[in-house]
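Here is the structure we will look at, set down as structure tokens.
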Amino acid sequence: MEGIITKIISNQYTVKVDNKEYICQARGKFRYLKDNPLVGDKVIIDSVNNLIIKILPRINVLDRPLVANIKYAIITTSLKKPDLDLYLLDKMLTIIESHKVIPIILFTKLDLVDNKEQIKKLSTYYEKLGYLTIFNNDLKKIAKLKKLLKGEIVTLTGQSGAGKSTFLNQLNPKLNLKTSPISDALNRGIHTTRHVEIYDIEGIYFIDTPGFSLVDLKISLEELKNTFPEFKSVNCKYQDCNHDKEDECGVKNIVKEGKILNSRYQNYLLFKKEIYESSRKLFR
Ligand SMILES: Nc1nc2c(ncn2[C@@H]2O[C@H](COP(=O)(O)OP(=O)(O)OP(=O)(O)O)[C@@H](O)[C@H]2O)c(=O)[nH]1
Ligand SMILES: [Mg+2]
Ligand SMILES: [Zn+2]
């Protein structure tokens, strides 16, 4: 029988086949091969013994959150409590795009922000780059988004306290997922969601995930450059320009002209450095 893994808690895998759920164990060989079944995996199960016997070929695997076969990832980005973190947003965009997953930016907590105009400008900038960008209080746009996502697997991602579970509750109040206020002392979430699980909301397979804040970039410099749409069709003196120390760099010129958001360019430089440092560690 073929089904999809909708939930994993320790070594218990919930597999949904049509509308029936089977709580399965995974065969030892997966552990042996270091290829554990993931939420989002299509699997073949032995429904008599409640065993996962085969993982079907995957489209992709994200590692933070650890899920498979994802079409879209909603980067839940809090504007306040916890404060807006453009470094994390840009990093998630890069990681998600490099996994061939389509990113969607979901801004939350606009109600807590004083300078709403500044935030709208920021969202317009990302929108112009080609990213789907929405606010969690924009009901019209959310209705449109739901049409786009019909039938797809969509994971939520973003730091603890950003409002991932709250957003799913907003889409379907019956879910009643646990949420909690962030810690005022630390100005960050308290890791309320503890496991990865798929929820079918009107035919969209949303995955709620635990929040996180630290993410490693496991990509090459070339891939990094490809995840910055701003750099496309910009002319530099050198074709393989890294847009850093080089002269006659078209990217640096348009940063100066204010056509590229400075935070985007600064984050690019930081990511470039991180990639360089981690490759040095590998060869040490
Ligand atoms: N004012 C305001 N509060 C919000 C908004 N969205 C979420 N919250 C609050 O933010 C807090 C954290 O929300 P959660 O949904 O638990 O956050 P999460 O991203 O699921 O966090 P983890 O499960 O820890 O990863 C809760 O107290 C929510 O009520 C919003 O748009 N405005
Ligand atoms: Mg949560
Ligand atoms: Zn350049």
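Naming works like this for the structure tokens: A, B, ... for the chains as they're shown, residue 1 at the start of each chain, ligands 1 onward in shown order.
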
Practice prompt. Taking only C-alpha atoms and all ligand atoms into account, report as a ChimeraX atom specification which residues have an atom no farther than 8 Å from an atom of ligand 1.
Written response: /A:76,78,81,107-112,136-137,157-167,178-182,189-194,208-212

Sorted by chain and rising residue number, list the residues of chain A at most 6 Å from ligand 3 (counting only C-alpha atoms and all ligand atoms), each with its closest atom pair and distance in Å to one decimal, as a tab-separated table.
```
residue	atom	partner	partner_atom_place_in_ligand_line	distance
A:Cys236	CA	ligand 3	1 (Zn)	4.7
A:Cys241	CA	ligand 3	1 (Zn)	4.5
A:Asn242	CA	ligand 3	1 (Zn)	5.5
A:His243	CA	ligand 3	1 (Zn)	3.5
A:Cys249	CA	ligand 3	1 (Zn)	3.7
A:Gly250	CA	ligand 3	1 (Zn)	5.2
A:Val251	CA	ligand 3	1 (Zn)	5.0
```

Output C-alpha atoms for every residue in the selection just made, as a compact mmCIF listing (two decimals), in the first residue's frame.
```
# COMPACT_ATOMS: atom_id res chain seq x y z
CA CYS A 236 30.30 43.31 -14.31
CA CYS A 241 32.63 38.45 -10.64
CA ASN A 242 31.90 37.71 -6.97
CA HIS A 243 30.65 41.26 -6.43
CA CYS A 249 31.39 45.57 -10.50
CA GLY A 250 27.89 46.33 -11.76
CA VAL A 251 26.30 44.95 -8.60
```

Discussion item. Which residues are close to Ser278 (chain A), i.e. within 12 Å by only C-alpha atoms, leaving aside same-chain residues fewer than 2 positions away? Reply as a ChimeraX atom specification.
Written reply: /A:216-221,271-276,280-284

File dump, residues just selected, C-alpha atoms, as a PDB file, in the first residue's frame:
```pdb
ATOM      1  CA  ASP A 216      24.147  26.494   7.929  1.00  0.00           C
ATOM      2  CA  LEU A 217      24.634  27.200   4.262  1.00  0.00           C
ATOM      3  CA  LYS A 218      25.667  24.037   2.486  1.00  0.00           C
ATOM      4  CA  ILE A 219      25.951  25.486  -0.997  1.00  0.00           C
ATOM      5  CA  SER A 220      28.626  26.716  -3.371  1.00  0.00           C
ATOM      6  CA  LEU A 221      29.388  30.343  -4.125  1.00  0.00           C
ATOM      7  CA  PHE A 271      26.870  34.329   3.325  1.00  0.00           C
ATOM      8  CA  LYS A 272      29.822  34.385   0.936  1.00  0.00           C
ATOM      9  CA  LYS A 273      32.166  34.584   3.908  1.00  0.00           C
ATOM     10  CA  GLU A 274      30.358  31.760   5.713  1.00  0.00           C
ATOM     11  CA  ILE A 275      30.680  29.520   2.653  1.00  0.00           C
ATOM     12  CA  TYR A 276      34.371  30.320   2.420  1.00  0.00           C
ATOM     13  CA  ARG A 280      38.285  26.007   4.817  1.00  0.00           C
ATOM     14  CA  LYS A 281      37.192  23.905   7.776  1.00  0.00           C
ATOM     15  CA  LEU A 282      36.630  20.950   5.438  1.00  0.00           C
ATOM     16  CA  PHE A 283      40.204  21.083   4.173  1.00  0.00           C
ATOM     17  CA  ARG A 284      41.873  21.657   7.500  1.00  0.00           C
TER      18      ARG A 284
END
```

Worksheet entry | Nearest-residue call for ligand 2, choices A:Lys91, A:His195, A:Lys225, A:Arg264, using only C-alpha atoms and all ligand atoms | A:His195

Practice prompt. For Glu21 (chain A), list every protein, DNA or RNA residue within 12 Å, evaluated using only C-alpha atoms, and leave out those in the same chain fewer than 3 positions away; present the list as a PyMOL selection string.
Written response: chain A and resi 1-7+13-18+24+45+47+50

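Those residues of region 87-200 of chain A that DSSP, working from the backbone, places in strand (DSSP E or B) are Ile102, Pro103, Ile104, Ile105, Leu106, Phe107, Thr108, Leu132, Thr133, Ile134, Phe135, Ile153, Val154, Thr155, Leu156, Thr157, Ser183, Arg188, Glu197, Ile198, Tyr199 and Asp200 of chain A.
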
Fill in: All residues 9 Å or closer to region 252-263 of chain A, only C-alpha atoms, same chain fewer than 2 positions away omitted, as a PyMOL selection string
chain A and resi 86-87+122+125+230+234+243-244+247-250+265-268

Could those residues be written to a file, using C-alpha atoms, as a PDB file, in the first residue's frame?
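Produced file out_15.pdb, reproduced below:
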```
ATOM      1  CA  LEU A  86      16.539  40.201   7.609  1.00  0.00           C
ATOM      2  CA  TYR A  87      19.671  38.089   7.876  1.00  0.00           C
ATOM      3  CA  LEU A 122      10.338  46.356   2.316  1.00  0.00           C
ATOM      4  CA  TYR A 125      11.073  45.215  -2.616  1.00  0.00           C
ATOM      5  CA  GLU A 230      19.038  41.201  -8.001  1.00  0.00           C
ATOM      6  CA  VAL A 234      23.721  43.019 -14.111  1.00  0.00           C
ATOM      7  CA  HIS A 243      30.652  41.256  -6.425  1.00  0.00           C
ATOM      8  CA  ASP A 244      33.029  41.805  -3.532  1.00  0.00           C
ATOM      9  CA  ASP A 247      36.568  46.594  -9.631  1.00  0.00           C
ATOM     10  CA  GLU A 248      33.999  47.713 -12.197  1.00  0.00           C
ATOM     11  CA  CYS A 249      31.394  45.565 -10.504  1.00  0.00           C
ATOM     12  CA  GLY A 250      27.890  46.327 -11.757  1.00  0.00           C
ATOM     13  CA  TYR A 265      23.947  43.027  -0.359  1.00  0.00           C
ATOM     14  CA  GLN A 266      25.486  42.951   3.134  1.00  0.00           C
ATOM     15  CA  ASN A 267      23.826  39.585   3.802  1.00  0.00           C
ATOM     16  CA  TYR A 268      25.189  38.287   0.501  1.00  0.00           C
TER      17      TYR A 268
END
```

Item to complete: Have a look at A:Thr77, A:Thr155, A:Asn169, A:Asn69 and name the one nearest to Thr133 (chain A); count only C-alpha atoms.
Response: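 Using only C-alpha atoms, Thr133 (chain A) sits closest to A:Thr77.
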
Item to complete: Write out as a ChimeraX atom specification all residues of region 100-231 of chain A that DSSP puts in helix (DSSP H, G or I) for this structure's backbone.
Response: /A:110-112,116-128,139-149,164-171,173-175,221-226,229-231

Fill in: Shell around Leu56 (chain A) at 8 Å using only C-alpha atoms, local window under 5 positions removed, as a ChimeraX atom specification
/A:41-44

Worksheet entry | Non-local contacts of Gln12 (chain A) (8 Å; only C-alpha atoms; under 5 positions in same chain excluded) as JSON, numbers by chain | {"A": [23, 24, 25, 26]}

Please produce an output containing C-alpha atoms for each residue in the selection, written as an mmCIF file, in the first residue's frame.
```
data_model
loop_
_atom_site.group_PDB
_atom_site.id
_atom_site.type_symbol
_atom_site.label_atom_id
_atom_site.label_comp_id
_atom_site.auth_asym_id
_atom_site.auth_seq_id
_atom_site.Cartn_x
_atom_site.Cartn_y
_atom_site.Cartn_z
ATOM 1 C CA ILE A 23 1.018 4.020 12.908
ATOM 2 C CA CYS A 24 4.102 2.300 11.532
ATOM 3 C CA GLN A 25 7.635 1.405 12.469
ATOM 4 C CA ALA A 26 10.459 1.772 9.996
#
```

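CA of Leu88 (chain A) sits 7.3 Å away from CA of Ser213 (chain A).
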
Fill in: Selected residue of minimal separation from Pro173 (chain A) among A:Glu277, A:Ile142, A:Pro82, A:Ile201, counting only C-alpha atoms
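Nearest candidate to Pro173 (chain A) out of A:Glu277, A:Ile142, A:Pro82, A:Ile201: A:Ile201.
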
Worksheet item: What is the CA of Asp83 (chain A) to CA of Arg188 (chain A) distance in Å?
Response: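 Calculated distance between CA of Asp83 (chain A) and CA of Arg188 (chain A) is 8.4 Å.
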
Worksheet item: Rounded to one decimal in Å, what is the spacing between CA of Leu148 (chain A) and CA of Gly203 (chain A)?
Response: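 Between CA of Leu148 (chain A) and CA of Gly203 (chain A) the gap works out to 11.2 Å.
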